[in-house]
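> Below: one structure in structure tokens.
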Amino acid sequence: MDKVVYFTGCFSNYYDPEIAKSFVTVMEINEIEVLVPEQVCCGMPIMANANYKGAKRNFEKIVRSLFKASEGKYPIVTTCPSCNMMLKKEGKTFFPSAEANYVSSMIYDSSEFVMNLDLKRKLNRFFGRLELKVLYHNPCHLKVQNIDATIYVLKLIPGIEVIGINRDCCGLGGSFGMKRKNYPISYAIGTKIWRMVEELKPDAVVTECGGCGLQISSKRPVKIYHPMVLLNMAYSAASHEAA
Amino acid sequence: MIVNGRIPRVYVFEPSSDEKRKHVASIHAGKKSERKDLSEIKSQLREVRLRNRELLDKNVERFKEVLTENSFFKLHFAQDAKTFLGLLRKSTDKTKVVSLNKSNVLINEVRPFLRRYGYRSFVRYFSEFNDFTPEKKFFTDYWMLPGLHEKNLIETFGLKSIIDLSIPKNGKDYVTVLGVNAASAKTGNLYFLQHMSNITKDLEEAKTIFVLVPLEKIVEYDGDAKLHVQSMGIFGLESVILDLKPKREEVFEFERIPFSDGKKEVHIVIFDNGRKRLLSTAYSDLLLCIDCRACARQCPVGQHIKSVKELVYSPKNLLFLYLIGRRKPFEFCLHCGRCEVECPVGIPIPELLWKSQIDYSQKKGRSIFKVMFDNPELFAKVGTLLSPVSNWLLEIPIVRTLISIIPGIHAKAKLPKFSRTTFREWYEERKKRG
């Protein structure tokens, strides 16, 4: 039985647990046990608020927890791009430690992890059909890491057609765009993705980032899916077809 | 009196299709193209920058020696912008008209002082948009850019002209201040990149010429300087395109100024303005910068920040202006990370921006509006605990108005809904059931 350590991040735990539940279900279908150790925020939004001490406290706590759960061998997976960026690259620059270096070397985005399973011929490909035209939005914190594994994953699901890919910033930036002073800038940046949704008229937008999804759906009535949710739906569809 | 018979010259590079012709010719001849790919240029450039940062002091001293040997040029050292203005005033008792090139060092660090001291300055670059109309402006934001170098349509930059400033000539009665792209310590040669012909015209016409040489622009060899200039062209091309717009306020009819009897004066000013001090700080990577502004190329906020309209924008420029005490820390950064990816020498701009905000906070404290965002996780916990009442509360207009004042969440911003149960609760429940 393979195992992974899962870091939910705040969005998948408090705001949209469907993402985290889907990830766990997808892993179990692939006979991978999901370990969810004690967790706190990775520190990314705290750092963005120039709170050095707070970010340090959180980051050091979470890397110790993930390090311990990983036992030197289990990969660590995130479903949130910003958490991934913090744990892989930025946190260890400001708060270096052996645990931070270890976590950085073991961390994967969920789609990246699923893609790697498939490339090793270990992914359960027993998918049902989902008839969806989707626009894929590549969040900034995956784009700058050159991670677009979701495109690969979406092509595995029968019936899903990727009708467009957006690699530009949605403009939200976590809490940045929610603040009174920043909202006009965030709005101006967001016009690109909203125009794209308007022109392409996808059935849904797929994106790994909860914040991006929030921004995209704030001005256009479009369904937002995390890739793990779609994978889980595809497995469900298969079991319904088999029945 | 010329000791070594070698006179420093100005080398002006412009867009050139020579490289493209060579590439096409090599294809037809069945030969392997000598075209370098971008990653090769980047690693070469980074090596050059690291070496020259290490040699900063030596390069400056050597540059001084070479120029001191040539009596034609007046060599100065300016510790800061005020000192530079003092030099300018001494040499320009009558004229108050100054022509500038679009150097971001000049525009961002010197120009505000020109205004303060009563000079009228114009960026002549924009005078050359004679037939430009707003309808022809196809690119208004970074995401409309065609991604030229990603399509391997590298427009290379070749040497266009070599100018010998020591040849005695008459000049028109105005001052030009030009920021160099690179200068060779070994030869004293000065290197410029131009996309129009403003720099060449100013060098030919102006009676009083000031060449501003920031410390980090001085490199060891002419080969280093050439690489600087060409790389600035290659990596900065899209930022140049993004800036292509008419600026009526920058237009001045330099062509109408008559030539006067006085002989040309050429001043070369080595410009510090806080750079030397940066060398021994955590921000020393900023001295690797060649000012191509590739970091601005995909910066999502750059086109939308009103307070930087007077500046040549890039995230690195705003950070530098903070470090020399001219601005507060750049607080509109989304921390998307694109600038670091785009930077040809790999400066970790997002991390340095975070560091600058932390440094500033530790000195000045943090505003109540920042403190109230300190614990987003606690907010989320309370929100889920009180869900669905918490979600309903956040829909009430009066509540949205109140929270737009403190802690300052915009009334129109869409907020995420708190879940009634957390994933952790679901997970623990599931573990119990086996």
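Chain labels run A, B, ... following the order of the structure tokens; each chain numbers its residues from 1, and ligands are numbered from 1 in the order shown.
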Under the rule of at most 8 Å, produce a per-residue listing of chain A near chain B: chain, number, name, the closest pair of atoms, and the distance in Å, as JSON lines, using only C-alpha atoms.

```
{"residue": "A:Cys10", "atom": "CA", "partner": "B:Glu377", "partner_atom": "CA", "distance": 6.9}
{"residue": "A:Ser12", "atom": "CA", "partner": "B:Phe423", "partner_atom": "CA", "distance": 7.0}
{"residue": "A:Asn13", "atom": "CA", "partner": "B:Phe423", "partner_atom": "CA", "distance": 4.7}
{"residue": "A:Tyr14", "atom": "CA", "partner": "B:Thr422", "partner_atom": "CA", "distance": 5.2}
{"residue": "A:Tyr15", "atom": "CA", "partner": "B:Phe418", "partner_atom": "CA", "distance": 4.8}
{"residue": "A:Asp16", "atom": "CA", "partner": "B:Ser419", "partner_atom": "CA", "distance": 6.4}
{"residue": "A:Pro17", "atom": "CA", "partner": "B:Phe423", "partner_atom": "CA", "distance": 4.8}
{"residue": "A:Glu18", "atom": "CA", "partner": "B:Phe423", "partner_atom": "CA", "distance": 7.8}
{"residue": "A:Ala20", "atom": "CA", "partner": "B:Phe423", "partner_atom": "CA", "distance": 6.5}
{"residue": "A:Lys21", "atom": "CA", "partner": "B:Phe423", "partner_atom": "CA", "distance": 6.8}
{"residue": "A:Val40", "atom": "CA", "partner": "B:Glu377", "partner_atom": "CA", "distance": 7.8}
{"residue": "A:Cys41", "atom": "CA", "partner": "B:Glu377", "partner_atom": "CA", "distance": 6.5}
{"residue": "A:Pro45", "atom": "CA", "partner": "B:Pro376", "partner_atom": "CA", "distance": 7.6}
{"residue": "A:Ile46", "atom": "CA", "partner": "B:Asp374", "partner_atom": "CA", "distance": 5.9}
{"residue": "A:Met47", "atom": "CA", "partner": "B:Trp354", "partner_atom": "CA", "distance": 7.4}
{"residue": "A:Ala48", "atom": "CA", "partner": "B:Trp354", "partner_atom": "CA", "distance": 7.1}
{"residue": "A:Asn49", "atom": "CA", "partner": "B:Lys370", "partner_atom": "CA", "distance": 6.0}
{"residue": "A:Ala50", "atom": "CA", "partner": "B:Ile358", "partner_atom": "CA", "distance": 5.0}
{"residue": "A:Asn51", "atom": "CA", "partner": "B:Asp374", "partner_atom": "CA", "distance": 6.9}
{"residue": "A:Tyr52", "atom": "CA", "partner": "B:Ile358", "partner_atom": "CA", "distance": 6.4}
{"residue": "A:Gly54", "atom": "CA", "partner": "B:Asp374", "partner_atom": "CA", "distance": 7.6}
{"residue": "A:Glu90", "atom": "CA", "partner": "B:Glu351", "partner_atom": "CA", "distance": 7.2}
{"residue": "A:Cys140", "atom": "CA", "partner": "B:Cys336", "partner_atom": "CA", "distance": 5.4}
{"residue": "A:His141", "atom": "CA", "partner": "B:Cys336", "partner_atom": "CA", "distance": 6.2}
{"residue": "A:Val144", "atom": "CA", "partner": "B:Arg338", "partner_atom": "CA", "distance": 6.0}
{"residue": "A:Asp168", "atom": "CA", "partner": "B:Trp143", "partner_atom": "CA", "distance": 6.8}
{"residue": "A:Cys169", "atom": "CA", "partner": "B:Pro300", "partner_atom": "CA", "distance": 6.4}
{"residue": "A:Gly171", "atom": "CA", "partner": "B:Pro300", "partner_atom": "CA", "distance": 7.2}
{"residue": "A:Leu172", "atom": "CA", "partner": "B:Leu334", "partner_atom": "CA", "distance": 7.9}
{"residue": "A:Gly173", "atom": "CA", "partner": "B:Leu334", "partner_atom": "CA", "distance": 5.2}
{"residue": "A:Phe176", "atom": "CA", "partner": "B:Leu334", "partner_atom": "CA", "distance": 6.8}
{"residue": "A:Gly177", "atom": "CA", "partner": "B:Ala413", "partner_atom": "CA", "distance": 7.5}
{"residue": "A:Met178", "atom": "CA", "partner": "B:Ala413", "partner_atom": "CA", "distance": 5.2}
{"residue": "A:Lys179", "atom": "CA", "partner": "B:Ile409", "partner_atom": "CA", "distance": 4.4}
{"residue": "A:Arg180", "atom": "CA", "partner": "B:His410", "partner_atom": "CA", "distance": 4.1}
{"residue": "A:Lys181", "atom": "CA", "partner": "B:His410", "partner_atom": "CA", "distance": 7.8}
{"residue": "A:Asn182", "atom": "CA", "partner": "B:Phe332", "partner_atom": "CA", "distance": 7.2}
{"residue": "A:Tyr183", "atom": "CA", "partner": "B:His410", "partner_atom": "CA", "distance": 6.6}
{"residue": "A:Ile185", "atom": "CA", "partner": "B:His304", "partner_atom": "CA", "distance": 5.8}
{"residue": "A:Ser186", "atom": "CA", "partner": "B:Val301", "partner_atom": "CA", "distance": 7.9}
{"residue": "A:Ala188", "atom": "CA", "partner": "B:His304", "partner_atom": "CA", "distance": 7.1}
{"residue": "A:Ile189", "atom": "CA", "partner": "B:Pro300", "partner_atom": "CA", "distance": 6.4}
{"residue": "A:Lys192", "atom": "CA", "partner": "B:Trp143", "partner_atom": "CA", "distance": 7.8}
{"residue": "A:Leu214", "atom": "CA", "partner": "B:Pro416", "partner_atom": "CA", "distance": 6.9}
{"residue": "A:Gln215", "atom": "CA", "partner": "B:Lys414", "partner_atom": "CA", "distance": 7.3}
{"residue": "A:Ser218", "atom": "CA", "partner": "B:Lys414", "partner_atom": "CA", "distance": 5.8}
```
> With C-alpha atoms retained, could you export that selection as a CSV table (one decimal), in the first residue's frame?

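New file part_36.csv:
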```csv
chain,number,residue,atom,x,y,z
A,10,CYS,CA,-6.9,26.6,4.2
A,12,SER,CA,-9.7,23.0,0.8
A,13,ASN,CA,-10.3,22.6,4.5
A,14,TYR,CA,-12.5,25.6,5.4
A,15,TYR,CA,-14.0,26.9,2.2
A,16,ASP,CA,-14.3,24.0,-0.3
A,17,PRO,CA,-13.7,20.7,1.4
A,18,GLU,CA,-15.0,19.0,-1.8
A,20,ALA,CA,-9.8,17.6,-0.4
A,21,LYS,CA,-12.5,14.9,-0.2
A,40,VAL,CA,-1.6,25.0,10.2
A,41,CYS,CA,-1.6,27.6,7.4
A,45,PRO,CA,-0.8,34.9,3.3
A,46,ILE,CA,0.8,35.9,6.6
A,47,MET,CA,4.0,36.6,4.8
A,48,ALA,CA,2.1,38.6,2.2
A,49,ASN,CA,0.9,40.7,5.1
A,50,ALA,CA,4.5,41.5,6.1
A,51,ASN,CA,4.1,39.5,9.4
A,52,TYR,CA,7.5,37.9,9.6
A,54,GLY,CA,3.7,34.9,12.3
A,90,GLU,CA,9.7,30.6,-0.8
A,140,CYS,CA,0.4,32.0,-11.4
A,141,HIS,CA,2.0,29.9,-8.8
A,144,VAL,CA,6.0,30.1,-12.8
A,168,ASP,CA,-2.4,35.0,-17.4
A,169,CYS,CA,-3.0,36.3,-13.9
A,171,GLY,CA,-5.8,39.5,-10.6
A,172,LEU,CA,-7.1,38.3,-7.2
A,173,GLY,CA,-3.8,37.4,-5.5
A,176,PHE,CA,-4.9,41.2,-2.3
A,177,GLY,CA,-7.8,41.9,-4.6
A,178,MET,CA,-10.4,41.9,-1.8
A,179,LYS,CA,-8.9,44.9,-0.1
A,180,ARG,CA,-10.5,48.2,-0.7
A,181,LYS,CA,-7.3,49.9,-2.0
A,182,ASN,CA,-6.4,47.0,-4.4
A,183,TYR,CA,-9.8,46.1,-5.8
A,185,ILE,CA,-6.3,47.0,-9.9
A,186,SER,CA,-7.5,43.5,-9.3
A,188,ALA,CA,-8.6,45.6,-14.2
A,189,ILE,CA,-6.4,42.6,-14.3
A,192,LYS,CA,-8.8,39.3,-19.4
A,214,LEU,CA,-13.4,32.9,-6.9
A,215,GLN,CA,-12.2,35.7,-9.0
A,218,SER,CA,-17.2,36.7,-9.3
```
> Find the residues near Arg327 of chain B: any atom within 12 Å, counting only C-alpha atoms, skip ones fewer than 5 places away on the same chain, and give them as a ChimeraX atom specification.
/B:108-109,307-308,311,317-322,356,360
> Filtering to N, CA and C atoms, could you give me those residues as a CSV table (one decimal), in the first residue's frame?

```csv
chain,number,residue,atom,x,y,z
B,108,ASN,N,13.7,57.9,-13.5
B,108,ASN,CA,13.3,57.6,-12.1
B,108,ASN,C,14.1,58.3,-11.0
B,109,GLU,N,15.4,58.4,-11.3
B,109,GLU,CA,16.3,58.9,-10.2
B,109,GLU,C,16.7,60.3,-10.3
B,307,SER,N,0.1,55.5,-9.4
B,307,SER,CA,1.2,56.3,-8.8
B,307,SER,C,2.5,56.1,-9.5
B,308,VAL,N,2.6,55.3,-10.5
B,308,VAL,CA,3.9,55.1,-11.2
B,308,VAL,C,3.9,55.7,-12.6
B,311,LEU,N,7.0,57.3,-13.8
B,311,LEU,CA,8.2,56.5,-13.8
B,311,LEU,C,8.3,55.6,-14.9
B,317,ASN,N,12.6,48.4,-10.4
B,317,ASN,CA,12.8,49.8,-10.2
B,317,ASN,C,12.1,50.3,-9.0
B,318,LEU,N,10.9,49.9,-8.7
B,318,LEU,CA,10.2,50.4,-7.5
B,318,LEU,C,10.9,49.9,-6.3
B,319,LEU,N,11.4,48.7,-6.3
B,319,LEU,CA,12.2,48.2,-5.1
B,319,LEU,C,13.4,49.0,-4.9
B,320,PHE,N,14.1,49.3,-6.0
B,320,PHE,CA,15.3,50.1,-5.9
B,320,PHE,C,15.0,51.5,-5.3
B,321,LEU,N,14.0,52.1,-5.8
B,321,LEU,CA,13.6,53.5,-5.3
B,321,LEU,C,13.3,53.5,-3.8
B,322,TYR,N,12.7,52.4,-3.4
B,322,TYR,CA,12.5,52.2,-1.9
B,322,TYR,C,13.8,52.2,-1.2
B,356,SER,N,11.7,43.5,1.6
B,356,SER,CA,11.6,45.0,1.8
B,356,SER,C,10.4,45.4,2.6
B,360,TYR,N,10.7,47.2,6.2
B,360,TYR,CA,10.0,48.4,6.5
B,360,TYR,C,9.0,48.3,7.7
```
> List as a PDB file with all heavy atoms, in the first residue's frame the protein and nucleic acid residues near Thr176 of chain B, meaning an atom at most 9 Å away when only C-alpha atoms are counted, but skip any in the same chain fewer than 4 places from it.

```
ATOM      1  N   VAL B  97      16.637  73.935 -20.960  1.00  0.00           N
ATOM      2  CA  VAL B  97      15.992  72.856 -21.714  1.00  0.00           C
ATOM      3  C   VAL B  97      16.920  71.649 -21.770  1.00  0.00           C
ATOM      4  O   VAL B  97      18.088  71.774 -22.140  1.00  0.00           O
ATOM      5  CB  VAL B  97      15.640  73.319 -23.144  1.00  0.00           C
ATOM      6  CG1 VAL B  97      15.113  72.154 -23.968  1.00  0.00           C
ATOM      7  CG2 VAL B  97      14.604  74.433 -23.075  1.00  0.00           C
ATOM      8  N   VAL B  98      16.382  70.501 -21.381  1.00  0.00           N
ATOM      9  CA  VAL B  98      17.176  69.277 -21.324  1.00  0.00           C
ATOM     10  C   VAL B  98      16.493  68.167 -22.105  1.00  0.00           C
ATOM     11  O   VAL B  98      15.289  67.948 -21.961  1.00  0.00           O
ATOM     12  CB  VAL B  98      17.365  68.809 -19.862  1.00  0.00           C
ATOM     13  CG1 VAL B  98      18.268  67.588 -19.798  1.00  0.00           C
ATOM     14  CG2 VAL B  98      17.932  69.929 -19.013  1.00  0.00           C
ATOM     15  N   SER B  99      17.265  67.480 -22.921  1.00  0.00           N
ATOM     16  CA  SER B  99      16.743  66.315 -23.637  1.00  0.00           C
ATOM     17  C   SER B  99      17.254  65.045 -22.962  1.00  0.00           C
ATOM     18  O   SER B  99      18.438  64.921 -22.672  1.00  0.00           O
ATOM     19  CB  SER B  99      17.213  66.354 -25.088  1.00  0.00           C
ATOM     20  OG  SER B  99      16.806  65.181 -25.750  1.00  0.00           O
ATOM     21  N   LEU B 100      16.332  64.117 -22.715  1.00  0.00           N
ATOM     22  CA  LEU B 100      16.685  62.884 -22.024  1.00  0.00           C
ATOM     23  C   LEU B 100      16.452  61.677 -22.924  1.00  0.00           C
ATOM     24  O   LEU B 100      15.570  61.703 -23.779  1.00  0.00           O
ATOM     25  CB  LEU B 100      15.815  62.721 -20.773  1.00  0.00           C
ATOM     26  CG  LEU B 100      15.752  63.876 -19.777  1.00  0.00           C
ATOM     27  CD1 LEU B 100      14.726  63.568 -18.691  1.00  0.00           C
ATOM     28  CD2 LEU B 100      17.105  64.148 -19.166  1.00  0.00           C
ATOM     29  N   ASN B 101      17.206  60.610 -22.672  1.00  0.00           N
ATOM     30  CA  ASN B 101      16.819  59.346 -23.296  1.00  0.00           C
ATOM     31  C   ASN B 101      15.945  58.586 -22.307  1.00  0.00           C
ATOM     32  O   ASN B 101      15.760  59.011 -21.166  1.00  0.00           O
ATOM     33  CB  ASN B 101      18.037  58.533 -23.766  1.00  0.00           C
ATOM     34  CG  ASN B 101      18.897  57.998 -22.632  1.00  0.00           C
ATOM     35  OD1 ASN B 101      18.923  58.568 -21.540  1.00  0.00           O
ATOM     36  ND2 ASN B 101      19.623  56.916 -22.887  1.00  0.00           N
ATOM     37  N   ASP B 202      20.854  63.513 -30.362  1.00  0.00           N
ATOM     38  CA  ASP B 202      21.329  64.319 -29.243  1.00  0.00           C
ATOM     39  C   ASP B 202      22.857  64.372 -29.191  1.00  0.00           C
ATOM     40  O   ASP B 202      23.442  65.416 -28.908  1.00  0.00           O
ATOM     41  CB  ASP B 202      20.782  63.784 -27.918  1.00  0.00           C
ATOM     42  CG  ASP B 202      19.370  64.276 -27.629  1.00  0.00           C
ATOM     43  OD1 ASP B 202      18.954  65.275 -28.259  1.00  0.00           O
ATOM     44  OD2 ASP B 202      18.695  63.689 -26.777  1.00  0.00           O
ATOM     45  N   LEU B 203      23.495  63.250 -29.458  1.00  0.00           N
ATOM     46  CA  LEU B 203      24.957  63.234 -29.428  1.00  0.00           C
ATOM     47  C   LEU B 203      25.540  64.124 -30.524  1.00  0.00           C
ATOM     48  O   LEU B 203      26.580  64.758 -30.348  1.00  0.00           O
ATOM     49  CB  LEU B 203      25.475  61.801 -29.571  1.00  0.00           C
ATOM     50  CG  LEU B 203      25.224  60.887 -28.372  1.00  0.00           C
ATOM     51  CD1 LEU B 203      25.537  59.441 -28.719  1.00  0.00           C
ATOM     52  CD2 LEU B 203      26.059  61.323 -27.164  1.00  0.00           C
ATOM     53  N   ALA B 206      23.567  68.302 -29.513  1.00  0.00           N
ATOM     54  CA  ALA B 206      23.569  69.075 -28.273  1.00  0.00           C
ATOM     55  C   ALA B 206      24.927  69.721 -28.024  1.00  0.00           C
ATOM     56  O   ALA B 206      25.970  69.108 -28.236  1.00  0.00           O
ATOM     57  CB  ALA B 206      23.197  68.189 -27.097  1.00  0.00           C
ATOM     58  N   LYS B 207      24.887  70.949 -27.535  1.00  0.00           N
ATOM     59  CA  LYS B 207      26.122  71.636 -27.210  1.00  0.00           C
ATOM     60  C   LYS B 207      26.728  71.068 -25.930  1.00  0.00           C
ATOM     61  O   LYS B 207      27.936  70.901 -25.820  1.00  0.00           O
ATOM     62  CB  LYS B 207      25.841  73.129 -27.027  1.00  0.00           C
ATOM     63  CG  LYS B 207      27.071  73.935 -26.637  1.00  0.00           C
ATOM     64  CD  LYS B 207      26.719  75.401 -26.464  1.00  0.00           C
ATOM     65  CE  LYS B 207      27.861  76.149 -25.800  1.00  0.00           C
ATOM     66  NZ  LYS B 207      27.513  77.545 -25.498  1.00  0.00           N
ATOM     67  N   THR B 208      25.865  70.805 -24.954  1.00  0.00           N
ATOM     68  CA  THR B 208      26.336  70.262 -23.687  1.00  0.00           C
ATOM     69  C   THR B 208      25.804  68.847 -23.506  1.00  0.00           C
ATOM     70  O   THR B 208      24.598  68.634 -23.485  1.00  0.00           O
ATOM     71  CB  THR B 208      25.864  71.140 -22.511  1.00  0.00           C
ATOM     72  OG1 THR B 208      26.227  72.494 -22.782  1.00  0.00           O
ATOM     73  CG2 THR B 208      26.498  70.685 -21.206  1.00  0.00           C
ATOM     74  N   ILE B 209      26.727  67.916 -23.412  1.00  0.00           N
ATOM     75  CA  ILE B 209      26.362  66.511 -23.284  1.00  0.00           C
ATOM     76  C   ILE B 209      26.788  65.985 -21.923  1.00  0.00           C
ATOM     77  O   ILE B 209      27.956  66.098 -21.549  1.00  0.00           O
ATOM     78  CB  ILE B 209      27.043  65.665 -24.381  1.00  0.00           C
ATOM     79  CG1 ILE B 209      26.579  66.126 -25.768  1.00  0.00           C
ATOM     80  CG2 ILE B 209      26.756  64.176 -24.173  1.00  0.00           C
ATOM     81  CD1 ILE B 209      27.403  65.544 -26.906  1.00  0.00           C
ATOM     82  N   PHE B 210      25.821  65.443 -21.188  1.00  0.00           N
ATOM     83  CA  PHE B 210      26.122  64.721 -19.955  1.00  0.00           C
ATOM     84  C   PHE B 210      25.795  63.257 -20.176  1.00  0.00           C
ATOM     85  O   PHE B 210      24.682  62.921 -20.558  1.00  0.00           O
ATOM     86  CB  PHE B 210      25.278  65.256 -18.789  1.00  0.00           C
ATOM     87  CG  PHE B 210      25.869  66.454 -18.119  1.00  0.00           C
ATOM     88  CD1 PHE B 210      25.717  67.726 -18.666  1.00  0.00           C
ATOM     89  CD2 PHE B 210      26.594  66.321 -16.941  1.00  0.00           C
ATOM     90  CE1 PHE B 210      26.270  68.835 -18.052  1.00  0.00           C
ATOM     91  CE2 PHE B 210      27.145  67.428 -16.314  1.00  0.00           C
ATOM     92  CZ  PHE B 210      26.986  68.684 -16.868  1.00  0.00           C
ATOM     93  N   VAL B 211      26.769  62.415 -19.942  1.00  0.00           N
ATOM     94  CA  VAL B 211      26.523  60.976 -20.005  1.00  0.00           C
ATOM     95  C   VAL B 211      26.549  60.437 -18.584  1.00  0.00           C
ATOM     96  O   VAL B 211      27.552  60.563 -17.881  1.00  0.00           O
ATOM     97  CB  VAL B 211      27.579  60.257 -20.869  1.00  0.00           C
ATOM     98  CG1 VAL B 211      27.314  58.759 -20.884  1.00  0.00           C
ATOM     99  CG2 VAL B 211      27.572  60.816 -22.286  1.00  0.00           C
TER     100      VAL B 211
END
```
> Mind the document's chain letters and residue numbers, and return as a ChimeraX atom specification the residues of segment 180-403 of chain B that DSSP labels strand (DSSP E or B).
/B:182-184,190-193,206-214,218-219,259-263,265-271
> Only N, CA, C and O atoms, please: the residues just picked out, written as a compact mmCIF listing (two decimals), in the first residue's frame.

```txt
# COMPACT_ATOMS: atom_id res chain seq x y z
N ALA B 182 25.70 50.51 -21.05
CA ALA B 182 26.91 49.84 -20.57
C ALA B 182 28.11 50.70 -20.91
O ALA B 182 28.07 51.53 -21.82
N ALA B 183 29.19 50.51 -20.14
CA ALA B 183 30.44 51.22 -20.40
C ALA B 183 31.59 50.25 -20.15
O ALA B 183 31.55 49.47 -19.20
N SER B 184 32.60 50.31 -21.00
CA SER B 184 33.73 49.40 -20.87
C SER B 184 34.83 50.04 -20.03
O SER B 184 35.34 51.11 -20.36
N LEU B 190 31.47 53.87 -24.51
CA LEU B 190 30.12 53.98 -23.97
C LEU B 190 29.15 53.32 -24.93
O LEU B 190 29.23 53.54 -26.13
N TYR B 191 28.23 52.53 -24.38
CA TYR B 191 27.32 51.75 -25.21
C TYR B 191 25.87 52.14 -24.98
O TYR B 191 25.41 52.22 -23.85
N PHE B 192 25.17 52.40 -26.08
CA PHE B 192 23.76 52.74 -26.03
C PHE B 192 22.96 51.81 -26.93
O PHE B 192 23.44 51.39 -27.98
N LEU B 193 21.75 51.56 -26.52
CA LEU B 193 20.78 50.88 -27.36
C LEU B 193 19.71 51.89 -27.70
O LEU B 193 19.21 52.58 -26.81
N ALA B 206 23.57 68.30 -29.51
CA ALA B 206 23.57 69.07 -28.27
C ALA B 206 24.93 69.72 -28.02
O ALA B 206 25.97 69.11 -28.24
N LYS B 207 24.89 70.95 -27.54
CA LYS B 207 26.12 71.64 -27.21
C LYS B 207 26.73 71.07 -25.93
O LYS B 207 27.94 70.90 -25.82
N THR B 208 25.86 70.80 -24.95
CA THR B 208 26.34 70.26 -23.69
C THR B 208 25.80 68.85 -23.51
O THR B 208 24.60 68.63 -23.49
N ILE B 209 26.73 67.92 -23.41
CA ILE B 209 26.36 66.51 -23.28
C ILE B 209 26.79 65.98 -21.92
O ILE B 209 27.96 66.10 -21.55
N PHE B 210 25.82 65.44 -21.19
CA PHE B 210 26.12 64.72 -19.95
C PHE B 210 25.80 63.26 -20.18
O PHE B 210 24.68 62.92 -20.56
N VAL B 211 26.77 62.42 -19.94
CA VAL B 211 26.52 60.98 -20.01
C VAL B 211 26.55 60.44 -18.58
O VAL B 211 27.55 60.56 -17.88
N LEU B 212 25.42 59.89 -18.18
CA LEU B 212 25.29 59.36 -16.82
C LEU B 212 25.65 57.88 -16.82
O LEU B 212 25.05 57.10 -17.56
N VAL B 213 26.64 57.52 -16.02
CA VAL B 213 27.10 56.13 -15.98
C VAL B 213 26.90 55.56 -14.57
O VAL B 213 27.74 55.73 -13.69
N PRO B 214 25.75 54.90 -14.34
CA PRO B 214 25.57 54.25 -13.04
C PRO B 214 26.66 53.20 -12.79
O PRO B 214 27.13 52.57 -13.74
N ILE B 218 29.23 49.79 -15.51
CA ILE B 218 30.63 49.72 -15.93
C ILE B 218 31.07 48.26 -15.86
O ILE B 218 31.07 47.65 -14.81
N VAL B 219 31.42 47.73 -17.02
CA VAL B 219 31.83 46.32 -17.10
C VAL B 219 33.28 46.24 -17.58
O VAL B 219 33.84 47.21 -18.09
N PHE B 259 22.13 76.16 -34.38
CA PHE B 259 23.48 75.87 -33.91
C PHE B 259 24.13 77.16 -33.43
O PHE B 259 23.93 78.22 -34.01
N SER B 260 24.86 77.05 -32.35
CA SER B 260 25.50 78.25 -31.80
C SER B 260 27.01 78.17 -32.00
O SER B 260 27.54 77.18 -32.47
N ASP B 261 27.68 79.24 -31.61
CA ASP B 261 29.12 79.33 -31.87
C ASP B 261 29.96 78.50 -30.91
O ASP B 261 31.07 78.09 -31.25
N GLY B 262 29.45 78.28 -29.72
CA GLY B 262 30.27 77.61 -28.71
C GLY B 262 30.57 76.17 -29.07
O GLY B 262 29.81 75.51 -29.77
N LYS B 263 31.70 75.67 -28.60
CA LYS B 263 32.10 74.30 -28.85
C LYS B 263 31.40 73.34 -27.89
O LYS B 263 31.01 73.71 -26.79
N GLU B 265 30.66 70.50 -25.19
CA GLU B 265 31.26 70.04 -23.94
C GLU B 265 30.73 68.65 -23.66
O GLU B 265 29.53 68.42 -23.77
N VAL B 266 31.61 67.75 -23.28
CA VAL B 266 31.16 66.40 -22.94
C VAL B 266 31.55 66.09 -21.50
O VAL B 266 32.72 66.11 -21.14
N HIS B 267 30.53 65.80 -20.70
CA HIS B 267 30.75 65.45 -19.30
C HIS B 267 30.35 64.00 -19.09
O HIS B 267 29.28 63.59 -19.54
N ILE B 268 31.19 63.27 -18.42
CA ILE B 268 30.84 61.90 -18.07
C ILE B 268 30.75 61.80 -16.56
O ILE B 268 31.69 62.16 -15.85
N VAL B 269 29.59 61.37 -16.10
CA VAL B 269 29.32 61.36 -14.67
C VAL B 269 29.13 59.93 -14.17
O VAL B 269 28.19 59.25 -14.57
N ILE B 270 30.04 59.49 -13.32
CA ILE B 270 29.87 58.19 -12.68
C ILE B 270 28.89 58.40 -11.52
O ILE B 270 29.09 59.26 -10.68
N PHE B 271 27.82 57.61 -11.52
CA PHE B 271 26.67 57.87 -10.67
C PHE B 271 26.45 56.73 -9.68
O PHE B 271 26.23 55.59 -10.08
```
> Using Å and a single decimal, report how far atom CA of Ser121 of chain B sits from atom CA of Lys247 of chain B.
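Atom-to-atom, atom CA of Lys247 of chain B to atom CA of Ser121 of chain B, that is 13.1 Å.
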> Leaving out Lys223 of chain A and any residue of its chain fewer than 3 positions from it, which residues lie within 10 Å of it when counting only C-alpha atoms, given as an NGL selection string?
:A and (134 or 202-206 or 213 or 216-217 or 220)
> Residues of segment 33-205 of chain B in alpha helix (DSSP H) according to DSSP, as a PyMOL selection string?
chain B and resi 38-54+56-68+81-91+104-105+111-116+198-205
> Grab the atom CA of Phe84 of chain B to atom CA of Val110 of chain B distance for me, in Å with one decimal place.
8.2 Å
